>>> print(open('data05.tsv').read())   # TSV, C-alpha atoms and all ligand atoms
chain	number	residue	atom	x	y	z
A	288	MET	CA	90.21	91.39	122.77
A	289	SER	CA	93.52	89.58	123.07
A	290	GLY	CA	96.78	89.14	121.23
A	291	ILE	CA	99.23	86.41	120.25
A	292	TYR	CA	102.97	87.03	120.28
A	293	ILE	CA	105.22	84.49	118.56
A	294	HIS	CA	108.94	84.51	119.25
A	295	ILE	CA	111.17	83.33	116.39
A	296	PRO	CA	114.51	82.71	118.15
A	297	PHE	CA	116.93	82.72	115.20
A	298	CYS	CA	119.23	85.38	113.77
A	299	LYS	CA	121.85	85.34	111.01
A	300	GLN	CA	124.38	87.02	113.26
A	301	ALA	CA	124.48	88.56	116.71
A	302	CYS	CA	124.14	92.33	116.89
A	303	HIS	CA	126.62	93.68	119.42
A	304	TYR	CA	124.03	95.36	121.64
A	305	CYS	CA	121.39	92.63	121.67
A	306	ASP	CA	120.28	90.74	124.77
A	307	PHE	CA	117.17	89.11	123.30
A	308	HIS	CA	116.94	85.35	123.11
A	309	PHE	CA	118.09	83.91	119.75
A	310	SER	CA	120.40	81.33	118.23
A	311	THR	CA	122.56	81.79	115.15
A	312	SER	CA	122.36	78.07	114.41
A	313	MET	CA	119.35	77.09	112.28
A	314	LYS	CA	119.77	73.35	112.99
A	315	LYS	CA	116.68	73.12	115.19
A	316	LYS	CA	114.50	75.46	113.13
A	317	ASP	CA	112.09	72.77	111.82
A	318	GLU	CA	111.65	71.23	115.26
A	319	LEU	CA	111.15	74.61	116.83
A	320	ILE	CA	108.40	75.63	114.38
A	321	ASP	CA	106.64	72.33	115.13
A	322	ALA	CA	106.99	73.08	118.85
A	323	LEU	CA	105.53	76.59	118.40
A	324	CYS	CA	102.47	75.08	116.73
A	325	LYS	CA	102.18	72.47	119.46
A	326	GLU	CA	102.39	75.16	122.13
A	327	LEU	CA	99.57	77.05	120.40
A	328	LEU	CA	97.44	73.91	120.65
A	329	LEU	CA	98.44	73.23	124.26
A	330	ARG	CA	97.44	76.72	125.33
A	331	LYS	CA	94.45	77.49	123.16
A	332	GLU	CA	92.08	77.54	126.14
A	333	GLU	CA	94.32	79.94	128.04
A	334	ILE	CA	93.24	83.07	126.29
A	335	ALA	CA	89.74	84.49	126.44
A	336	GLY	CA	88.24	86.69	123.76
A	337	ASP	CA	88.88	87.14	120.08
A	338	ILE	CA	92.41	87.62	118.81
A	339	GLU	CA	92.85	91.15	117.53
A	340	THR	CA	96.60	91.25	116.98
A	341	ILE	CA	99.26	88.72	116.06
A	342	TYR	CA	102.88	89.74	116.35
A	343	PHE	CA	105.93	87.84	115.08
A	344	GLY	CA	108.94	89.07	117.04
A	345	GLY	CA	112.37	87.76	117.71
A	346	GLY	CA	115.02	87.03	116.84
A	347	THR	CA	114.35	87.47	113.16
A	348	PRO	CA	110.89	86.39	111.98
A	349	SER	CA	111.78	87.30	108.38
A	350	LEU	CA	113.90	84.11	108.39
A	351	LEU	CA	110.66	82.09	108.27
A	352	THR	CA	109.98	80.39	104.95
A	353	SER	CA	106.64	80.57	103.22
A	354	GLU	CA	105.81	77.02	104.41
A	355	GLU	CA	106.75	77.77	108.03
A	356	LEU	CA	104.65	80.90	108.07
A	357	GLN	CA	101.77	78.99	106.53
A	358	GLN	CA	102.08	76.23	109.14
A	359	ILE	CA	101.85	78.75	111.99
A	360	PHE	CA	98.93	80.65	110.44
A	361	GLU	CA	96.99	77.44	109.79
A	362	THR	CA	97.41	76.46	113.44
A	363	ILE	CA	96.27	79.87	114.67
A	364	PHE	CA	93.26	80.22	112.36
A	365	ALA	CA	92.09	76.64	113.03
A	366	ASN	CA	92.27	76.96	116.81
A	367	PHE	CA	91.61	80.59	117.78
A	368	SER	CA	88.84	82.99	117.02
A	369	VAL	CA	90.51	85.83	115.13
A	370	VAL	CA	88.67	89.10	114.42
A	371	LYS	CA	87.88	90.00	110.79
A	372	ASP	CA	90.51	92.72	110.53
A	373	PRO	CA	93.41	91.64	112.75
A	374	GLU	CA	96.69	93.53	112.80
A	375	ILE	CA	99.37	90.97	111.91
A	376	THR	CA	102.89	92.32	112.27
A	377	LEU	CA	106.12	90.63	111.29
A	378	GLU	CA	109.51	91.98	112.32
A	379	ALA	CA	111.86	91.85	109.35
A	380	ASN	CA	115.49	92.63	108.77
A	381	PRO	CA	116.38	94.59	105.61
A	382	ASP	CA	118.76	91.88	104.31
A	383	ASP	CA	115.87	89.38	104.20
A	384	LEU	CA	113.48	91.60	102.29
A	385	SER	CA	114.14	90.63	98.68
A	386	GLU	CA	111.33	91.23	96.19
A	387	GLU	CA	110.63	87.49	96.28
A	388	LYS	CA	110.40	87.43	100.08
A	389	LEU	CA	108.11	90.46	100.09
A	390	LYS	CA	105.80	88.72	97.62
A	391	ILE	CA	105.62	85.71	99.95
A	392	LEU	CA	104.88	87.90	102.96
A	393	ALA	CA	102.26	89.94	101.11
A	394	ALA	CA	100.55	86.71	99.97
A	395	SER	CA	100.39	85.50	103.60
A	396	SER	CA	98.14	86.98	106.32
A	397	VAL	CA	100.86	89.44	107.41
A	398	ASN	CA	99.57	93.01	106.96
A	399	ARG	CA	102.15	95.09	108.81
A	400	LEU	CA	105.94	95.06	108.59
A	401	SER	CA	108.30	96.31	111.26
A	402	ILE	CA	111.69	96.71	109.60
A	403	GLY	CA	114.81	96.72	111.77
A	404	VAL	CA	116.72	99.46	109.97
A	405	GLN	CA	118.41	100.96	113.06
A	406	SER	CA	120.53	103.38	110.99
A	407	PHE	CA	120.96	104.38	107.36
A	408	PHE	CA	124.71	104.81	107.87
A	409	GLU	CA	127.27	102.14	107.14
A	410	ALA	CA	129.55	103.08	110.07
A	411	ASP	CA	126.70	102.70	112.60
A	412	LEU	CA	125.54	99.40	111.09
A	413	LYS	CA	129.07	98.00	111.22
A	414	MET	CA	129.63	99.21	114.77
A	415	MET	CA	126.42	97.45	115.88
A	416	ASN	CA	127.29	94.33	113.81
A	417	ARG	CA	124.02	94.43	111.91
A	418	ALA	CA	123.71	91.91	109.07
A	419	HIS	CA	122.53	94.53	106.55
A	420	ASN	CA	124.19	97.49	104.87
A	421	GLN	CA	123.06	101.00	103.99
A	422	GLN	CA	121.88	100.06	100.51
A	423	GLU	CA	119.79	97.16	101.81
A	424	ALA	CA	118.23	99.45	104.41
A	425	LEU	CA	117.09	101.88	101.71
A	426	GLU	CA	116.09	99.33	99.08
A	427	SER	CA	114.15	97.10	101.45
A	428	ILE	CA	111.85	99.97	102.40
A	429	GLU	CA	111.37	101.18	98.83
A	430	THR	CA	110.48	97.66	97.69
A	431	ALA	CA	108.35	96.91	100.76
A	432	LYS	CA	106.18	99.93	99.95
A	433	ASN	CA	105.06	98.17	96.75
A	434	TYR	CA	103.58	95.38	98.86
A	435	PHE	CA	102.66	96.90	102.23
A	436	ASP	CA	101.00	100.14	103.26
A	437	ASN	CA	101.44	99.65	107.01
A	438	ILE	CA	105.21	99.82	107.55
A	439	SER	CA	107.14	100.72	110.66
A	440	ILE	CA	110.89	101.14	110.87
A	441	ASP	CA	113.12	100.92	113.94
A	442	LEU	CA	115.88	103.47	114.41
A	443	ILE	CA	118.49	103.62	117.18
A	444	TYR	CA	119.73	106.93	118.62
A	445	GLY	CA	122.45	107.72	121.12
A	446	ILE	CA	124.98	105.62	119.20
A	447	PRO	CA	128.52	106.52	120.39
A	448	GLN	CA	129.96	109.36	118.32
A	449	MET	CA	126.76	109.87	116.38
A	450	SER	CA	126.54	113.63	115.87
A	451	ASN	CA	123.24	115.50	115.94
A	452	GLU	CA	123.73	116.12	112.21
A	453	ARG	CA	124.01	112.44	111.44
A	454	TRP	CA	120.97	111.65	113.57
A	455	LEU	CA	119.02	114.37	111.74
A	456	GLN	CA	120.11	112.87	108.42
A	457	ASN	CA	118.79	109.49	109.58
A	458	LEU	CA	115.44	111.05	110.45
A	459	ASN	CA	115.28	112.96	107.18
A	460	ILE	CA	115.98	109.82	105.15
A	461	ALA	CA	113.15	108.09	107.04
A	462	LEU	CA	110.85	111.02	106.23
A	463	GLU	CA	111.83	110.97	102.54
A	464	LEU	CA	111.01	107.26	102.45
A	465	ASN	CA	107.55	108.24	103.70
A	466	VAL	CA	106.91	105.41	106.17
A	467	PRO	CA	103.86	105.94	108.41
A	468	HIS	CA	105.35	104.63	111.67
A	469	ILE	CA	108.74	104.90	113.39
A	470	SER	CA	109.86	103.21	116.61
A	471	SER	CA	113.06	104.55	118.03
A	472	TYR	CA	115.14	103.40	120.98
A	473	ALA	CA	118.25	104.69	122.70
A	474	LEU	CA	121.22	102.38	122.40
A	475	THR	CA	121.53	100.75	125.81
A	476	VAL	CA	124.49	98.78	127.05
A	477	GLU	CA	123.15	95.55	128.51
A	478	PRO	CA	125.25	93.24	130.71
A	479	LYS	CA	126.95	90.32	128.96
A	480	THR	CA	126.67	91.87	125.49
A	481	ALA	CA	129.55	92.28	123.06
A	482	LEU	CA	128.91	96.03	123.16
A	483	LYS	CA	129.60	96.12	126.90
A	484	LYS	CA	132.87	94.24	126.43
A	485	LEU	CA	133.95	96.43	123.52
A	486	ILE	CA	133.29	99.57	125.57
A	487	GLU	CA	135.20	98.12	128.55
A	488	LYS	CA	138.16	97.35	126.29
A	489	GLY	CA	138.06	100.91	124.94
A	490	LYS	CA	137.29	99.77	121.38
A	491	ILE	CA	133.99	101.66	121.30
A	492	SER	CA	133.32	104.95	123.09
A	493	PRO	CA	130.83	104.80	125.96
A	494	VAL	CA	127.22	105.76	125.37
A	495	ASP	CA	126.61	109.41	126.18
A	496	GLU	CA	123.28	110.02	127.99
A	497	ASP	CA	123.28	113.74	127.21
A	498	ALA	CA	123.76	113.08	123.50
A	499	ALA	CA	120.92	110.54	123.62
A	500	LYS	CA	118.65	113.12	125.26
A	501	GLU	CA	119.51	115.66	122.54
A	502	HIS	CA	118.77	113.08	119.83
A	503	TYR	CA	115.46	112.25	121.46
A	504	GLU	CA	114.38	115.87	121.68
A	505	LEU	CA	115.45	116.53	118.08
A	506	MET	CA	113.46	113.50	116.99
A	507	ILE	CA	110.27	114.73	118.66
A	508	GLU	CA	110.63	118.12	117.00
A	509	VAL	CA	111.38	116.76	113.52
A	510	LEU	CA	108.80	113.98	113.51
A	511	GLU	CA	105.99	116.04	115.04
A	512	THR	CA	106.60	118.77	112.46
A	513	ALA	CA	106.31	116.08	109.78
A	514	GLY	CA	102.86	114.98	111.04
A	515	PHE	CA	103.80	112.10	113.32
A	516	GLU	CA	102.31	111.79	116.77
A	517	ASN	CA	104.59	110.67	119.60
A	518	TYR	CA	101.87	108.42	121.02
A	519	GLU	CA	104.25	106.52	123.28
A	520	PHE	CA	107.75	107.36	124.48
A	521	SER	CA	109.47	105.36	121.71
A	522	ASN	CA	106.70	105.26	119.11
A	523	PHE	CA	105.69	107.77	116.46
A	524	GLY	CA	102.77	107.21	114.09
A	525	LYS	CA	100.85	109.05	111.42
A	526	PRO	CA	97.08	109.12	112.10
A	527	GLY	CA	95.59	105.67	111.56
A	528	TYR	CA	98.95	103.91	111.88
A	529	PHE	CA	99.45	103.52	115.63
A	530	SER	CA	100.45	99.94	116.48
A	531	ARG	CA	97.38	98.10	117.75
A	532	ASN	CA	99.61	95.40	119.22
A	533	ASN	CA	101.66	97.80	121.33
A	534	THR	CA	98.65	99.88	122.34
A	535	ALA	CA	96.86	96.74	123.60
A	536	TYR	CA	99.95	95.92	125.66
A	537	TRP	CA	100.07	99.37	127.27
A	538	PHE	CA	96.37	99.10	128.08
A	539	GLY	CA	96.91	95.80	129.91
A	540	LYS	CA	95.04	93.57	127.44
A	541	PRO	CA	95.81	89.84	127.72
A	542	TYR	CA	98.20	88.18	125.30
A	543	LEU	CA	99.60	84.73	124.76
A	544	GLY	CA	103.37	84.59	124.27
A	545	ILE	CA	104.46	81.55	122.27
A	546	GLY	CA	108.03	80.30	121.86
A	547	PRO	CA	111.22	80.28	123.94
A	548	SER	CA	111.58	83.39	126.16
A	549	ALA	CA	108.09	84.64	125.21
A	550	HIS	CA	106.08	86.39	127.94
A	551	SER	CA	102.32	86.06	128.45
A	552	PHE	CA	99.79	88.04	130.46
A	553	ASP	CA	96.23	87.02	131.33
A	554	GLY	CA	95.19	90.08	133.31
A	555	ASN	CA	96.48	88.70	136.62
A	556	ASN	CA	99.54	86.56	135.95
A	557	ARG	CA	102.73	87.03	134.02
A	558	LYS	CA	104.24	83.90	132.57
A	559	TRP	CA	107.55	83.54	130.78
A	560	ASN	CA	108.84	80.59	128.81
A	561	ILE	CA	112.33	79.17	129.19
A	562	ASN	CA	114.92	80.95	127.03
A	563	ASN	CA	116.62	77.86	125.67
A	564	ASN	CA	115.56	76.39	122.30
A	565	ILE	CA	116.50	72.78	123.03
A	566	LEU	CA	114.92	72.63	126.49
A	567	TYR	CA	111.83	74.35	125.08
A	568	ILE	CA	111.48	71.82	122.25
A	569	LYS	CA	111.95	68.88	124.65
A	570	ALA	CA	109.37	70.11	127.16
A	571	ILE	CA	106.75	70.92	124.52
A	572	ALA	CA	107.26	67.46	122.94
A	573	LYS	CA	106.27	65.99	126.32
A	574	GLY	CA	103.19	68.20	126.43
A	575	GLU	CA	104.65	70.38	129.18
A	576	LEU	CA	104.96	74.15	129.22
A	577	PRO	CA	108.48	75.17	130.35
A	578	ALA	CA	107.37	78.40	131.99
A	579	GLU	CA	107.52	80.29	135.25
A	580	VAL	CA	104.50	82.18	136.53
A	581	GLU	CA	104.18	85.21	138.75
A	582	GLU	CA	100.85	86.29	140.14
A	583	LEU	CA	100.67	90.07	140.22
A	584	SER	CA	99.55	91.77	143.43
A	585	THR	CA	97.42	94.91	143.32
A	586	THR	CA	100.57	96.94	143.95
A	587	ASP	CA	102.40	95.23	141.06
A	588	LYS	CA	99.46	95.99	138.77
A	589	TYR	CA	99.27	99.61	139.93
A	590	ASN	CA	103.03	100.07	139.37
A	591	GLU	CA	102.87	98.56	135.88
A	592	HIS	CA	99.86	100.70	135.06
A	593	VAL	CA	101.70	103.86	136.12
A	594	MET	CA	104.86	102.90	134.22
A	595	THR	CA	103.18	102.01	130.92
A	596	ARG	CA	100.52	104.71	130.86
A	597	LEU	CA	102.87	107.52	131.74
A	598	ARG	CA	104.87	106.68	128.64
A	599	THR	CA	101.78	107.13	126.46
A	600	LYS	CA	99.98	110.22	125.22
A	601	TRP	CA	96.85	108.94	127.01
A	602	GLY	CA	98.47	109.31	130.44
A	603	ILE	CA	96.99	108.03	133.71
A	604	SER	CA	93.26	108.52	134.23
A	605	ILE	CA	92.67	109.30	137.92
A	606	PRO	CA	89.11	107.83	138.00
A	607	GLU	CA	90.47	104.67	136.33
A	608	VAL	CA	93.15	104.31	139.02
A	609	GLU	CA	90.47	104.66	141.69
A	610	GLU	CA	88.20	102.14	139.98
A	611	LYS	CA	90.93	99.56	139.36
A	612	PHE	CA	93.07	99.91	142.47
A	613	GLY	CA	91.01	101.81	145.05
A	614	GLU	CA	91.03	105.09	146.92
A	615	THR	CA	94.35	104.46	148.73
A	616	TYR	CA	96.28	104.19	145.45
A	617	LYS	CA	94.53	107.22	143.96
A	618	THR	CA	95.35	109.40	146.99
A	619	TYR	CA	98.93	108.12	147.02
A	620	LEU	CA	99.36	108.85	143.29
A	621	LEU	CA	98.09	112.42	143.56
A	622	LYS	CA	100.25	113.10	146.61
A	623	GLU	CA	103.43	111.72	145.00
A	624	ALA	CA	102.71	113.50	141.71
A	625	GLN	CA	102.38	116.93	143.33
A	626	HIS	CA	106.03	117.95	143.28
A	627	PHE	CA	106.38	116.87	139.62
A	628	LEU	CA	103.29	118.98	138.86
A	629	ASP	CA	104.87	121.91	140.72
A	630	ASP	CA	108.11	121.43	138.74
A	631	GLY	CA	106.26	121.28	135.41
A	632	LEU	CA	107.34	117.71	134.67
A	633	LEU	CA	103.77	116.35	134.88
A	634	ASP	CA	100.46	117.86	133.74
A	635	LEU	CA	97.04	117.24	135.26
A	636	ASN	CA	94.16	118.05	132.91
A	637	ASP	CA	90.63	116.63	132.83
A	638	ASP	CA	91.51	114.14	135.56
A	639	LYS	CA	94.43	112.80	133.49
A	640	LEU	CA	97.99	112.80	134.70
A	641	SER	CA	100.46	112.91	131.84
A	642	ILE	CA	104.09	113.65	131.24
A	643	SER	CA	104.83	117.22	130.13
A	644	LYS	CA	107.05	118.00	127.18
A	645	ARG	CA	109.87	118.91	129.57
A	646	GLY	CA	109.45	115.71	131.59
A	647	LYS	CA	109.32	113.35	128.61
A	648	PHE	CA	112.87	112.07	128.59
A	649	LEU	CA	112.61	111.48	132.35
A	650	SER	CA	109.33	109.55	132.22
A	651	ASP	CA	110.65	106.21	133.49
A	652	GLY	CA	112.34	107.85	136.47
A	653	ILE	CA	109.23	109.88	137.26
A	654	ALA	CA	107.06	106.76	137.00
A	655	ALA	CA	109.37	104.93	139.42
A	656	ASP	CA	108.88	107.76	141.92
A	657	LEU	CA	105.12	107.26	141.68
A	658	PHE	CA	105.39	103.54	142.43
A	659	PHE	CA	103.64	102.24	145.49
A	660	ILE	CA	106.03	100.42	147.80
A	661	ASN	CA	104.62	97.81	150.19
A	662	LEU	CA	106.77	97.98	153.29
B	701	LIG	S1	118.59	90.88	114.55
B	701	LIG	FE1	117.44	91.63	116.33
B	701	LIG	S2	117.20	89.86	117.71
B	701	LIG	FE2	118.78	89.33	116.19
B	701	LIG	S3	120.72	89.83	117.19
B	701	LIG	FE3	120.12	91.64	116.00
B	701	LIG	S4	118.92	92.92	117.42
B	701	LIG	FE4	119.08	90.87	118.32
>>> encode(input="data05.tsv", output="structure tokens", more="lines below")
Ligand code: SF4
Amino acid sequence: MSGIYIHIPFCKQACHYCDFHFSTSMKKKDELIDALCKELLLRKEEIAGDIETIYFGGGTPSLLTSEELQQIFETIFANFSVVKDPEITLEANPDDLSEEKLKILAASSVNRLSIGVQSFFEADLKMMNRAHNQQEALESIETAKNYFDNISIDLIYGIPQMSNERWLQNLNIALELNVPHISSYALTVEPKTALKKLIEKGKISPVDEDAAKEHYELMIEVLETAGFENYEFSNFGKPGYFSRNNTAYWFGKPYLGIGPSAHSFDGNNRKWNINNNILYIKAIAKGELPAEVEELSTTDKYNEHVMTRLRTKWGISIPEVEEKFGETYKTYLLKEAQHFLDDGLLDLNDDKLSISKRGKFLSDGIAADLFFINL
């Protein structure tokens, strides 16, 4: 089983913290959609197996018109073998989700919405320069529920000066809205973002790691009590609503990434497209793929496996590590894991190494310590 990821590189305005690839000019939108479809054709032999998930990310895929969405779906369904019940997710921003837009999306093949709410509070939304307001955040979800059952919302924690109370209110609003899936990320300050500059100029307080950790731990408590499972570090789902797209990614399934800046993986190689809309359009028009490729070594694959699996509730299966990477990696993993097991930050049960409750917030750092380094 494989997946298709489609990057829609347009946004109405730039959120202060964002370092994804997007343009706020829509001038090249038509040409870019044509190029996406052409890239799908160019690369249709690249992916083996039936397509189980299709994911529209960005950027802001909810800026696609009905015709543009139709054009992309027609290209996919005419050229790829898609399973009978694919998961087809579209990332949407609340300000785009009018009743009319939701009708269009529901009439298309999209069957899962991922809504970029980030916060239900006006002050947070303004600070992050989001294009939507509090009312749009609430209304978009209420209206979306009339058209979609499978809805995820994104929330950001660790926002400067966000108190635990305000974070709890955000979570409680999400629970009242009764969505079956929540993805939540700590606000991170990436280089070259407006957020970084605003913090450097003293206009916004720096991000506080300890506050973020408290928010994260509160979130686990509140959401687990409400029946969500924290099936991956940043993802919480009610039974039956775990993201098939994300789960496939963590399990190393191949996917085709279409569009500027999109990444692909075929089981051995990672490929990433150029992150420039104009250069992307020009190259695709000539029938060329503007991408760089990196072949993964066994060590790269082992390190990625450790990093992604440790973030999930499924953990790292020791027999699987031995089967995929060999005895040396298995022995190394168990040796390096020992002091985290002694400290109660990792658990080893039924031949599965997983992060303990206490180690959860530290999972990326722990994974890095388990990496194999080729000297
Ligand atoms: S809408 Fe999403 S992709 Fe666009 S600027 Fe904001 S965070 Fe970035």
>>> residues_near_ligand(input="data05.tsv", ligand="ligand LIG 701 (chain B)", cutoff="6 Å", atoms="all atoms listed in the file", output="mmCIF file with C-alpha atoms, keeping the file's coordinate frame")
data_model
loop_
_atom_site.group_PDB
_atom_site.id
_atom_site.type_symbol
_atom_site.label_atom_id
_atom_site.label_comp_id
_atom_site.auth_asym_id
_atom_site.auth_seq_id
_atom_site.Cartn_x
_atom_site.Cartn_y
_atom_site.Cartn_z
ATOM 1 C CA CYS A 298 119.230 85.380 113.770
ATOM 2 C CA ALA A 301 124.480 88.560 116.710
ATOM 3 C CA CYS A 302 124.140 92.330 116.890
ATOM 4 C CA CYS A 305 121.390 92.630 121.670
ATOM 5 C CA PHE A 307 117.170 89.110 123.300
ATOM 6 C CA GLY A 345 112.370 87.760 117.710
ATOM 7 C CA GLY A 346 115.020 87.030 116.840
ATOM 8 C CA THR A 347 114.350 87.470 113.160
#
>>> closest_residue(input="data05.tsv", among="A:Leu392, A:Ile375, A:Gly574, A:Glu582", to="Glu354 of chain A", atoms="all atoms listed in the file")
A:Leu392
>>> axis_aligned_box(input="data05.tsv", around="segment 542-555 of chain A", padding_each_side="4 Å", output="JSON")
{"center_x": 103.4, "center_y": 85.2, "center_z": 129.2, "size_x": 24.4, "size_y": 17.8, "size_z": 22.8}
>>> residues_around(input="data05.tsv", residues="Ile338 of chain A", least_positions_apart="5", cutoff="10 Å", atoms="all atoms listed in the file", output="ChimeraX atom specification")
/A:288-291,363-364,367-374,541-543
>>> write_last_selection(input="data05.tsv", atoms="C-alpha atoms", output="mmCIF file, in the coordinates of the input")
data_model
loop_
_atom_site.group_PDB
_atom_site.id
_atom_site.type_symbol
_atom_site.label_atom_id
_atom_site.label_comp_id
_atom_site.auth_asym_id
_atom_site.auth_seq_id
_atom_site.Cartn_x
_atom_site.Cartn_y
_atom_site.Cartn_z
ATOM 1 C CA MET A 288 90.210 91.390 122.770
ATOM 2 C CA SER A 289 93.520 89.580 123.070
ATOM 3 C CA GLY A 290 96.780 89.140 121.230
ATOM 4 C CA ILE A 291 99.230 86.410 120.250
ATOM 5 C CA ILE A 363 96.270 79.870 114.670
ATOM 6 C CA PHE A 364 93.260 80.220 112.360
ATOM 7 C CA PHE A 367 91.610 80.590 117.780
ATOM 8 C CA SER A 368 88.840 82.990 117.020
ATOM 9 C CA VAL A 369 90.510 85.830 115.130
ATOM 10 C CA VAL A 370 88.670 89.100 114.420
ATOM 11 C CA LYS A 371 87.880 90.000 110.790
ATOM 12 C CA ASP A 372 90.510 92.720 110.530
ATOM 13 C CA PRO A 373 93.410 91.640 112.750
ATOM 14 C CA GLU A 374 96.690 93.530 112.800
ATOM 15 C CA PRO A 541 95.810 89.840 127.720
ATOM 16 C CA TYR A 542 98.200 88.180 125.300
ATOM 17 C CA LEU A 543 99.600 84.730 124.760
#
>>> residues_around(input="data05.tsv", residues="segment 413-420 of chain A", least_positions_apart="3", cutoff="12 Å", atoms="only C-alpha atoms", output="ChimeraX atom specification")
/A:298-305,311,347,379-384,402-410,423-427,443-444,446-449,474-476,480-483,485-486,490-492
>>> atom_distance(input="data05.tsv", atom1="atom CA of Asp553 of chain A", atom2="atom CA of Leu319 of chain A")
24.2 Å
>>> closest_residue(input="data05.tsv", among="A:Lys558, A:His592, A:Lys331, A:Lys639", to="Ile605 of chain A", atoms="all atoms listed in the file")
A:Lys639
>>> residues_around(input="data05.tsv", residues="Trp537 of chain A", least_positions_apart="6", cutoff="9 Å", atoms="all atoms listed in the file", output="number ranges by chain")
A: 592, 595-596, 598-599
>>> closest_residue(input="data05.tsv", among="A:Leu597, A:Leu505, A:Ile440, A:Leu458", to="Tyr518 of chain A", atoms="all atoms listed in the file")
A:Leu597
>>> residues_around(input="data05.tsv", residues="Glu387 of chain A", least_positions_apart="5", cutoff="12 Å", atoms="all atoms listed in the file", output="VMD selection string")
chain A and resid 352 to 353 392 to 394 427 430 to 431 434
>>> write_last_selection(input="data05.tsv", atoms="C-alpha atoms", output="CSV table (one decimal), keeping the file's coordinate frame")
chain,number,residue,atom,x,y,z
A,352,THR,CA,110.0,80.4,105.0
A,353,SER,CA,106.6,80.6,103.2
A,392,LEU,CA,104.9,87.9,103.0
A,393,ALA,CA,102.3,89.9,101.1
A,394,ALA,CA,100.6,86.7,100.0
A,427,SER,CA,114.2,97.1,101.4
A,430,THR,CA,110.5,97.7,97.7
A,431,ALA,CA,108.4,96.9,100.8
A,434,TYR,CA,103.6,95.4,98.9
>>> residues_near_point(input="data05.tsv", point="(99.0, 94.7, 138.4)", cutoff="10 Å", atoms="all atoms listed in the file", output="JSON list (two decimals) with C-alpha atoms, keeping the file's coordinate frame")
[["chain", "number", "residue", "atom", "x", "y", "z"],
["A", 539, "GLY", "CA", 96.91, 95.80, 129.91],
["A", 554, "GLY", "CA", 95.19, 90.08, 133.31],
["A", 555, "ASN", "CA", 96.48, 88.70, 136.62],
["A", 556, "ASN", "CA", 99.54, 86.56, 135.95],
["A", 557, "ARG", "CA", 102.73, 87.03, 134.02],
["A", 582, "GLU", "CA", 100.85, 86.29, 140.14],
["A", 583, "LEU", "CA", 100.67, 90.07, 140.22],
["A", 584, "SER", "CA", 99.55, 91.77, 143.43],
["A", 585, "THR", "CA", 97.42, 94.91, 143.32],
["A", 586, "THR", "CA", 100.57, 96.94, 143.95],
["A", 587, "ASP", "CA", 102.40, 95.23, 141.06],
["A", 588, "LYS", "CA", 99.46, 95.99, 138.77],
["A", 589, "TYR", "CA", 99.27, 99.61, 139.93],
["A", 590, "ASN", "CA", 103.03, 100.07, 139.37],
["A", 591, "GLU", "CA", 102.87, 98.56, 135.88],
["A", 592, "HIS", "CA", 99.86, 100.70, 135.06],
["A", 593, "VAL", "CA", 101.70, 103.86, 136.12],
["A", 611, "LYS", "CA", 90.93, 99.56, 139.36],
["A", 612, "PHE", "CA", 93.07, 99.91, 142.47]]
>>> closest_residue(input="data05.tsv", among="A:Gly336, A:Gly445, A:Pro296, A:Pro606", to="Met506 of chain A", atoms="all atoms listed in the file")
A:Gly445
